[in-house]
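Structure record follows, encoded as structure tokens.
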Amino acid sequence: MVESTVGGNEAILSMQEKRESNARSYPRKFPLAIKRAEGVHVTDMDGKQYMDCLAGAGTLALGHNHMVVREAIENVMQSYLPLHTLDITTPVKEAFIDEVFASLPQSFAEKAKIHFCGPTGADAVEAALKLVKTATGDRAILSFQGGYHGSTHGTMSVSGTIGPKKNVHALVPDAHFLPYPYEYRCPFGMGKEGHRISSTYIENLLDNPEGGIVKPAGIIVEVVQGEGGSVPAPIEWLKELRRITKERDIPLIIDEVQTGIGRTGKMFAFEHAGIEPDVLVLSKAIGGSLPLSVVVYDRSLDQWEPGTHIGTFRGNQMAMAAGQAALRFINEKHLPEYALEMGTYLIEQLKSIQERVSSIGDVRGRGLMIGVEIINPMKQPNGIGSYPAYTDLAKKIQQECFSRGLILEVGGRFDTVIRLLPPLIISKEQIDEVLQRFSEAITSAEAQFGLR
């Protein structure tokens, strides 16, 4: 093993700060340099071990350095297959496509085409937007408040997050934002029934000849908003959205960059609603922990010309091999069902913690994609009983977790949602350890903020 530098956390972090962009983010929350990683655990340069419930923002479905992923990568290395192929095919690529199509609902797979994009989910979203605009001849894209689809110029344009784009001018025009059914912070002030108003609003907007929006080329949605705070869309609302778009011949793009590959308790999150998208965007876990992204779509949309969406690194053979191995393992071991079982248990236990503390306003999620919303109980709730966000406390809880060897992300509308995205292979015993550390962290943080 060759190391470019030596020293403990402090020395390496100092070097990173000196040489790396000011835009770096995770090292500010988690000041460590990783020496070793296996399963749910990572070990820093000072020898401290952490439980990783961020897991590469959901990329590491099987955790760090899983055996089947390592074997797949090693097999490619030993075979002398090219590592870089542009979009020229190989047996590895065809086997990967077979595995992807076998993982999809059969009715969708039978009419699907696949396009390989650059290595990031944002590139696949860009491809999806170009695909529907090309196929329909229309230009408007409808997205949702709180949605996140990437940090490129185009994907920022259809993302609800304001911070990254407030200083970036001339974003892609004709991007319009719709209300997402977020029960705890309902945009209509209705709580649980807000989704009915949302779907009615969307349908009326699309049918309004003076609604201000030309016929959309597509609507893009996350079945569970990730960066928006682990907010699951109600099943009934998803069914209505599919009906509304299908009746008006508007392509429905479902962004499953984070929810896909077993994360929510189904192989794909849209399966919970018994619907099918016109366009499915996949990345993160699809490459078995290595960079890869694809768009899978109804073949009727395949109207673009050769070279319309290209990318040098769309032929990542190791990622395809690792992705095929991971997909096969996830299917064979029924990990989506396991994720649903463990996620249900984790949510139940988090709700038990909620009863013992004062700063948890909501616990929600699907499968092992869970959000814990931190609120300020000292302030007045709104008309539906939702308390104001408490951003500073959420960050303190994250720090207290980190000091106890637990890595959790904070996100959501006001950076006040503790997000849990553990690997799908996490054991019940490991979940209990996560819960213990989280309980201690929130208790300590509340005491420091005078809430106990």
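Residue names in the structure tokens use chain letters A, B, ... in the order shown, residue numbers from 1 in each chain, and ligand numbers from 1 in the order shown.
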Determine which residues of range 59-261 of chain A receive a DSSP assignment of helix (DSSP H, G or I), computed from the backbone, and state them as a short mmCIF file (atom, residue, chain, number, x, y, z; two decimals) with N, CA and C atoms, in the first residue's frame.
data_model
loop_
_atom_site.label_atom_id
_atom_site.label_comp_id
_atom_site.auth_asym_id
_atom_site.auth_seq_id
_atom_site.Cartn_x
_atom_site.Cartn_y
_atom_site.Cartn_z
N MET A 67 -17.17 -7.97 0.06
CA MET A 67 -16.45 -9.04 -0.62
C MET A 67 -16.85 -9.17 -2.09
N VAL A 68 -18.15 -9.13 -2.42
CA VAL A 68 -18.57 -9.35 -3.80
C VAL A 68 -18.12 -8.21 -4.70
N VAL A 69 -18.05 -7.01 -4.16
CA VAL A 69 -17.59 -5.86 -4.94
C VAL A 69 -16.09 -5.97 -5.19
N ARG A 70 -15.33 -6.30 -4.15
CA ARG A 70 -13.89 -6.44 -4.30
C ARG A 70 -13.55 -7.54 -5.31
N GLU A 71 -14.25 -8.66 -5.24
CA GLU A 71 -13.99 -9.77 -6.17
C GLU A 71 -14.28 -9.35 -7.61
N ALA A 72 -15.37 -8.61 -7.82
CA ALA A 72 -15.72 -8.18 -9.16
C ALA A 72 -14.65 -7.26 -9.74
N ILE A 73 -14.17 -6.34 -8.92
CA ILE A 73 -13.13 -5.42 -9.38
C ILE A 73 -11.84 -6.18 -9.68
N GLU A 74 -11.48 -7.10 -8.80
CA GLU A 74 -10.26 -7.88 -9.01
C GLU A 74 -10.35 -8.73 -10.28
N ASN A 75 -11.54 -9.27 -10.57
CA ASN A 75 -11.70 -10.09 -11.78
C ASN A 75 -11.48 -9.27 -13.04
N VAL A 76 -11.97 -8.03 -13.03
CA VAL A 76 -11.75 -7.16 -14.19
C VAL A 76 -10.26 -6.85 -14.33
N MET A 77 -9.61 -6.57 -13.24
CA MET A 77 -8.19 -6.24 -13.28
C MET A 77 -7.36 -7.40 -13.82
N GLN A 78 -7.76 -8.62 -13.48
CA GLN A 78 -6.99 -9.80 -13.89
C GLN A 78 -7.31 -10.25 -15.32
N SER A 79 -8.42 -9.75 -15.88
CA SER A 79 -8.88 -10.23 -17.19
C SER A 79 -8.23 -9.52 -18.36
N PRO A 91 -18.32 -7.71 -22.79
CA PRO A 91 -19.13 -8.67 -22.04
C PRO A 91 -19.52 -8.17 -20.66
N VAL A 92 -18.63 -7.41 -20.03
CA VAL A 92 -18.93 -6.85 -18.70
C VAL A 92 -20.12 -5.89 -18.79
N LYS A 93 -20.12 -5.06 -19.80
CA LYS A 93 -21.20 -4.09 -19.97
C LYS A 93 -22.52 -4.79 -20.24
N GLU A 94 -22.52 -5.78 -21.12
CA GLU A 94 -23.76 -6.47 -21.44
C GLU A 94 -24.31 -7.24 -20.24
N ALA A 95 -23.42 -7.82 -19.44
CA ALA A 95 -23.86 -8.52 -18.23
C ALA A 95 -24.47 -7.54 -17.23
N PHE A 96 -23.89 -6.35 -17.15
CA PHE A 96 -24.44 -5.32 -16.27
C PHE A 96 -25.84 -4.92 -16.72
N ILE A 97 -26.02 -4.69 -18.01
CA ILE A 97 -27.34 -4.32 -18.54
C ILE A 97 -28.36 -5.43 -18.25
N ASP A 98 -27.94 -6.67 -18.44
CA ASP A 98 -28.83 -7.80 -18.13
C ASP A 98 -29.31 -7.72 -16.68
N GLU A 99 -28.38 -7.43 -15.77
CA GLU A 99 -28.72 -7.39 -14.34
C GLU A 99 -29.65 -6.22 -14.03
N VAL A 100 -29.38 -5.08 -14.64
CA VAL A 100 -30.25 -3.91 -14.42
C VAL A 100 -31.66 -4.21 -14.90
N PHE A 101 -31.80 -4.74 -16.11
CA PHE A 101 -33.12 -5.01 -16.66
C PHE A 101 -33.85 -6.09 -15.86
N ALA A 102 -33.11 -7.06 -15.36
CA ALA A 102 -33.73 -8.12 -14.55
C ALA A 102 -34.21 -7.58 -13.21
N SER A 103 -33.64 -6.47 -12.76
CA SER A 103 -34.02 -5.88 -11.48
C SER A 103 -35.25 -4.99 -11.59
N GLN A 106 -40.93 -6.11 -14.80
CA GLN A 106 -40.85 -6.70 -16.14
C GLN A 106 -41.53 -5.84 -17.20
N SER A 107 -42.68 -5.28 -16.86
CA SER A 107 -43.43 -4.49 -17.84
C SER A 107 -42.65 -3.25 -18.26
N PHE A 108 -41.85 -2.69 -17.35
CA PHE A 108 -41.01 -1.53 -17.68
C PHE A 108 -39.80 -1.98 -18.48
N ALA A 109 -39.17 -3.05 -18.04
CA ALA A 109 -37.95 -3.53 -18.70
C ALA A 109 -38.20 -3.91 -20.16
N GLY A 121 -24.65 11.34 -10.82
CA GLY A 121 -26.09 11.39 -10.96
C GLY A 121 -26.54 12.65 -11.67
N ALA A 122 -25.85 13.76 -11.43
CA ALA A 122 -26.21 15.02 -12.09
C ALA A 122 -26.12 14.89 -13.60
N ASP A 123 -25.12 14.17 -14.09
CA ASP A 123 -25.00 14.00 -15.53
C ASP A 123 -26.16 13.19 -16.09
N ALA A 124 -26.63 12.21 -15.32
CA ALA A 124 -27.78 11.42 -15.76
C ALA A 124 -29.06 12.26 -15.76
N VAL A 125 -29.20 13.15 -14.78
CA VAL A 125 -30.36 14.05 -14.77
C VAL A 125 -30.30 14.98 -15.98
N GLU A 126 -29.11 15.51 -16.26
CA GLU A 126 -28.95 16.35 -17.45
C GLU A 126 -29.40 15.58 -18.71
N ALA A 127 -28.99 14.32 -18.80
CA ALA A 127 -29.36 13.51 -19.96
C ALA A 127 -30.87 13.32 -20.02
N ALA A 128 -31.49 13.09 -18.86
CA ALA A 128 -32.94 12.88 -18.82
C ALA A 128 -33.68 14.13 -19.29
N LEU A 129 -33.21 15.30 -18.88
CA LEU A 129 -33.86 16.54 -19.29
C LEU A 129 -33.73 16.75 -20.79
N LYS A 130 -32.54 16.48 -21.33
CA LYS A 130 -32.34 16.61 -22.77
C LYS A 130 -33.18 15.59 -23.54
N LEU A 131 -33.30 14.40 -22.98
CA LEU A 131 -34.07 13.34 -23.62
C LEU A 131 -35.52 13.76 -23.82
N VAL A 132 -36.17 14.23 -22.75
CA VAL A 132 -37.60 14.55 -22.86
C VAL A 132 -37.83 15.80 -23.69
N LYS A 133 -36.91 16.75 -23.63
CA LYS A 133 -37.06 17.94 -24.46
C LYS A 133 -36.93 17.59 -25.94
N THR A 134 -35.99 16.71 -26.24
CA THR A 134 -35.80 16.27 -27.62
C THR A 134 -37.01 15.49 -28.13
N ALA A 135 -37.52 14.59 -27.30
CA ALA A 135 -38.62 13.71 -27.71
C ALA A 135 -39.94 14.46 -27.87
N THR A 136 -40.19 15.43 -27.01
CA THR A 136 -41.48 16.13 -27.02
C THR A 136 -41.47 17.41 -27.84
N HIS A 153 -25.03 23.14 -13.86
CA HIS A 153 -25.84 24.31 -14.22
C HIS A 153 -27.30 23.93 -14.46
N GLY A 154 -27.52 22.86 -15.22
CA GLY A 154 -28.88 22.44 -15.52
C GLY A 154 -29.61 21.84 -14.33
N THR A 155 -28.91 21.01 -13.58
CA THR A 155 -29.59 20.36 -12.46
C THR A 155 -29.86 21.32 -11.32
N MET A 156 -29.02 22.33 -11.14
CA MET A 156 -29.32 23.38 -10.15
C MET A 156 -30.60 24.10 -10.53
N SER A 157 -30.83 24.24 -11.83
CA SER A 157 -32.00 24.97 -12.31
C SER A 157 -33.30 24.28 -11.92
N GLY A 163 -29.31 28.02 -1.91
CA GLY A 163 -27.95 28.43 -1.57
C GLY A 163 -26.94 28.31 -2.69
N PRO A 164 -26.79 27.12 -3.31
CA PRO A 164 -25.75 26.96 -4.33
C PRO A 164 -25.97 27.79 -5.59
N LYS A 165 -27.22 28.23 -5.85
CA LYS A 165 -27.46 28.93 -7.10
C LYS A 165 -27.72 30.43 -6.96
N GLY A 191 -51.15 19.65 6.74
CA GLY A 191 -50.61 18.43 7.31
C GLY A 191 -50.86 17.22 6.45
N LYS A 192 -51.44 16.20 7.04
CA LYS A 192 -51.59 14.90 6.39
C LYS A 192 -52.39 14.95 5.09
N GLU A 193 -53.37 15.83 5.00
CA GLU A 193 -54.22 15.91 3.82
C GLU A 193 -53.67 16.85 2.75
N GLY A 194 -52.51 17.43 3.00
CA GLY A 194 -51.94 18.39 2.06
C GLY A 194 -51.67 17.80 0.69
N HIS A 195 -51.41 16.49 0.63
CA HIS A 195 -51.08 15.88 -0.67
C HIS A 195 -52.26 15.96 -1.64
N ARG A 196 -53.48 15.95 -1.12
CA ARG A 196 -54.66 16.04 -2.00
C ARG A 196 -54.73 17.42 -2.65
N ILE A 197 -54.42 18.44 -1.87
CA ILE A 197 -54.40 19.80 -2.43
C ILE A 197 -53.28 19.92 -3.45
N SER A 198 -52.13 19.31 -3.16
CA SER A 198 -50.99 19.37 -4.07
C SER A 198 -51.34 18.77 -5.42
N SER A 199 -51.91 17.59 -5.44
CA SER A 199 -52.24 16.95 -6.72
C SER A 199 -53.33 17.72 -7.47
N THR A 200 -54.31 18.25 -6.72
CA THR A 200 -55.35 19.07 -7.35
C THR A 200 -54.75 20.33 -7.95
N TYR A 201 -53.84 20.94 -7.21
CA TYR A 201 -53.17 22.15 -7.70
C TYR A 201 -52.41 21.86 -8.98
N ILE A 202 -51.66 20.77 -9.01
CA ILE A 202 -50.86 20.42 -10.19
C ILE A 202 -51.77 20.19 -11.39
N GLU A 203 -52.84 19.45 -11.20
CA GLU A 203 -53.75 19.16 -12.31
C GLU A 203 -54.40 20.44 -12.84
N ASN A 204 -54.85 21.30 -11.94
CA ASN A 204 -55.46 22.55 -12.37
C ASN A 204 -54.47 23.46 -13.08
N LEU A 205 -53.24 23.49 -12.58
CA LEU A 205 -52.21 24.32 -13.21
C LEU A 205 -51.96 23.87 -14.65
N LEU A 206 -51.85 22.57 -14.84
CA LEU A 206 -51.56 22.05 -16.18
C LEU A 206 -52.71 22.30 -17.15
N ASP A 207 -53.93 22.37 -16.63
CA ASP A 207 -55.10 22.56 -17.49
C ASP A 207 -55.51 24.01 -17.65
N ILE A 235 -48.16 7.62 -0.99
CA ILE A 235 -48.41 6.70 -2.09
C ILE A 235 -49.55 7.20 -2.98
N GLU A 236 -50.62 7.67 -2.36
CA GLU A 236 -51.77 8.15 -3.14
C GLU A 236 -51.38 9.31 -4.04
N TRP A 237 -50.53 10.21 -3.52
CA TRP A 237 -50.08 11.35 -4.31
C TRP A 237 -49.26 10.90 -5.52
N LEU A 238 -48.40 9.92 -5.32
CA LEU A 238 -47.60 9.40 -6.44
C LEU A 238 -48.48 8.79 -7.51
N LYS A 239 -49.49 8.07 -7.09
CA LYS A 239 -50.42 7.49 -8.06
C LYS A 239 -51.13 8.59 -8.85
N GLU A 240 -51.54 9.65 -8.14
CA GLU A 240 -52.21 10.76 -8.80
C GLU A 240 -51.27 11.48 -9.77
N LEU A 241 -50.02 11.68 -9.36
CA LEU A 241 -49.05 12.34 -10.24
C LEU A 241 -48.85 11.53 -11.51
N ARG A 242 -48.77 10.22 -11.38
CA ARG A 242 -48.63 9.37 -12.56
C ARG A 242 -49.87 9.45 -13.45
N ARG A 243 -51.06 9.45 -12.84
CA ARG A 243 -52.28 9.58 -13.64
C ARG A 243 -52.32 10.91 -14.37
N ILE A 244 -52.02 11.98 -13.67
CA ILE A 244 -52.08 13.32 -14.24
C ILE A 244 -51.12 13.45 -15.43
N THR A 245 -49.91 12.98 -15.26
CA THR A 245 -48.91 13.09 -16.33
C THR A 245 -49.25 12.18 -17.51
N LYS A 246 -49.73 10.98 -17.22
CA LYS A 246 -50.04 10.03 -18.29
C LYS A 246 -51.21 10.54 -19.13
N GLU A 247 -52.25 11.05 -18.47
CA GLU A 247 -53.42 11.55 -19.20
C GLU A 247 -53.07 12.72 -20.10
#
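Residue neighbourhood of Asp415 in chain A, excluding near-sequence residues (fewer than 5 positions): Gly228, Gly229, Ala389, Tyr390, Thr391, Asp392, Ala394, Lys395 and Val410 of chain A, at 9 Å, using only C-alpha atoms.
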Create the file for the chosen residues now, containing C-alpha atoms and written as a compact mmCIF listing (two decimals), in the first residue's frame.
# COMPACT_ATOMS: atom_id res chain seq x y z
CA GLY A 228 -34.70 17.88 1.08
CA GLY A 229 -34.91 16.06 4.40
CA ALA A 389 -36.66 24.40 12.89
CA TYR A 390 -33.62 24.44 15.17
CA THR A 391 -30.62 24.45 12.86
CA ASP A 392 -27.97 25.12 15.51
CA ALA A 394 -29.24 19.87 14.74
CA LYS A 395 -25.61 20.72 14.02
CA VAL A 410 -27.77 16.87 8.43
For this session: Considering only C-alpha atoms, state which residue in the set A:Ala23, A:Leu252, A:Leu104, A:Cys117 is at the smallest distance from Gly307 in chain A.
Result: A:Cys117
Exercise. What lies within 10 Å of Tyr50 in chain A using only C-alpha atoms, ignoring chain neighbours under 2 positions off, as a VMD selection string?
Worked result: chain A and resid 34 37 40 to 44 47 to 48 52 to 53 401 to 407
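Here CA of Ser427 in chain A stands at a distance of 22.2 Å from CA of Gln354 in chain A.
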For this session: For His64 in chain A, work out the shell of residues within 6 Å, counting only C-alpha atoms and skipping chain neighbours fewer than 2 positions away, then give it as an NGL selection string.
Result: :A and (37-39 or 66)
Write the selection just made, keeping N, CA and C atoms, as a PDB file, in the first residue's frame?
ATOM      1  N   ALA A  37     -11.598   1.056   5.892  1.00  0.00           N
ATOM      2  CA  ALA A  37     -13.058   1.006   5.936  1.00  0.00           C
ATOM      3  C   ALA A  37     -13.531  -0.407   5.598  1.00  0.00           C
ATOM      4  N   GLU A  38     -14.484  -0.900   6.385  1.00  0.00           N
ATOM      5  CA  GLU A  38     -15.035  -2.232   6.139  1.00  0.00           C
ATOM      6  C   GLU A  38     -16.450  -2.291   6.703  1.00  0.00           C
ATOM      7  N   GLY A  39     -17.387  -2.687   5.853  1.00  0.00           N
ATOM      8  CA  GLY A  39     -18.769  -2.812   6.306  1.00  0.00           C
ATOM      9  C   GLY A  39     -19.351  -1.479   6.718  1.00  0.00           C
ATOM     10  N   HIS A  66     -17.142  -4.422   0.423  1.00  0.00           N
ATOM     11  CA  HIS A  66     -17.842  -5.702   0.508  1.00  0.00           C
ATOM     12  C   HIS A  66     -17.147  -6.731  -0.379  1.00  0.00           C
TER      13      HIS A  66
END
For this session: Write down as a PyMOL selection string the residues belonging to range 127-270 of chain A that are assigned strand (DSSP E or B) by DSSP computed on the backbone.
Result: chain A and resi 140-144+175-178+216-221+224-225+231-232+252-255
Problem set entry | Residue neighbourhood Gly8 in chain A, 8 Å, only C-alpha atoms, exclusion window fewer than 6 positions, as a PyMOL selection string | chain A and resi 33+45-46
Problem set entry | Neighbour list for range 422-425 of chain A as a ChimeraX atom specification, cut-off 8 Å, only C-alpha atoms, skip fewer than 2 positions in-chain | /A:39-40,52-55,58,60-63,262-263,335-336,338-339,368-369,420,427
Kindly save the residues from that selection, with C-alpha atoms included, as a PDB file, in the first residue's frame.
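Writing the result to again.pdb gives the following:
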ATOM      1  CA  GLY A  39     -18.769  -2.812   6.306  1.00  0.00           C
ATOM      2  CA  VAL A  40     -20.435  -0.201   8.505  1.00  0.00           C
ATOM      3  CA  ASP A  52     -20.855   5.211   9.034  1.00  0.00           C
ATOM      4  CA  CYS A  53     -24.552   5.965   8.558  1.00  0.00           C
ATOM      5  CA  LEU A  54     -23.848   8.321   5.668  1.00  0.00           C
ATOM      6  CA  ALA A  55     -22.369   5.574   3.465  1.00  0.00           C
ATOM      7  CA  GLY A  58     -26.244   6.243  -0.109  1.00  0.00           C
ATOM      8  CA  LEU A  60     -22.342   2.220  -0.456  1.00  0.00           C
ATOM      9  CA  ALA A  61     -25.397  -0.044  -0.448  1.00  0.00           C
ATOM     10  CA  LEU A  62     -23.251  -2.966   0.726  1.00  0.00           C
ATOM     11  CA  GLY A  63     -21.039  -0.885   2.967  1.00  0.00           C
ATOM     12  CA  GLY A 262     -33.072  -1.380  -2.369  1.00  0.00           C
ATOM     13  CA  ARG A 263     -32.659   1.717  -0.203  1.00  0.00           C
ATOM     14  CA  LEU A 335     -31.836  -6.961   0.837  1.00  0.00           C
ATOM     15  CA  PRO A 336     -34.710  -4.620  -0.123  1.00  0.00           C
ATOM     16  CA  TYR A 338     -34.340  -6.666   4.820  1.00  0.00           C
ATOM     17  CA  ALA A 339     -33.927  -2.891   4.506  1.00  0.00           C
ATOM     18  CA  LEU A 368     -33.194   2.638   5.437  1.00  0.00           C
ATOM     19  CA  MET A 369     -33.684   6.225   4.276  1.00  0.00           C
ATOM     20  CA  LEU A 420     -29.674   8.151   8.365  1.00  0.00           C
ATOM     21  CA  SER A 427     -27.280  -5.702  11.482  1.00  0.00           C
TER      22      SER A 427
END
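Of note, CA of Val279 in chain A and CA of Ile219 in chain A are spaced 10.0 Å apart.
Using only C-alpha atoms for every distance, the candidate list A:Gln16, A:Gln303, A:Thr161, A:Asn65 yields A:Gln303 as the residue closest to Gly137 in chain A.
Counting only C-alpha atoms, Ser159 in chain A has the following residues at most 8 Å away, ignoring those fewer than 6 positions along the same chain: Ser143, Phe144, Gln145, Gly146, Gly147, Tyr148, His149 and Gly150 of chain A.
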For this session: Go through A:Arg19, A:Lys396, A:Lys111, A:His272 one by one, measure the shortest atom-to-atom distance of each to Phe449 in chain A using only C-alpha atoms, and give the residue with the smallest value.
Result: A:Lys396
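Residue nearest Pro216 in chain A within the list A:Arg139, A:His169, A:Lys266, A:Arg452: A:Arg139 [criterion: smallest interatomic distance, only C-alpha atoms].
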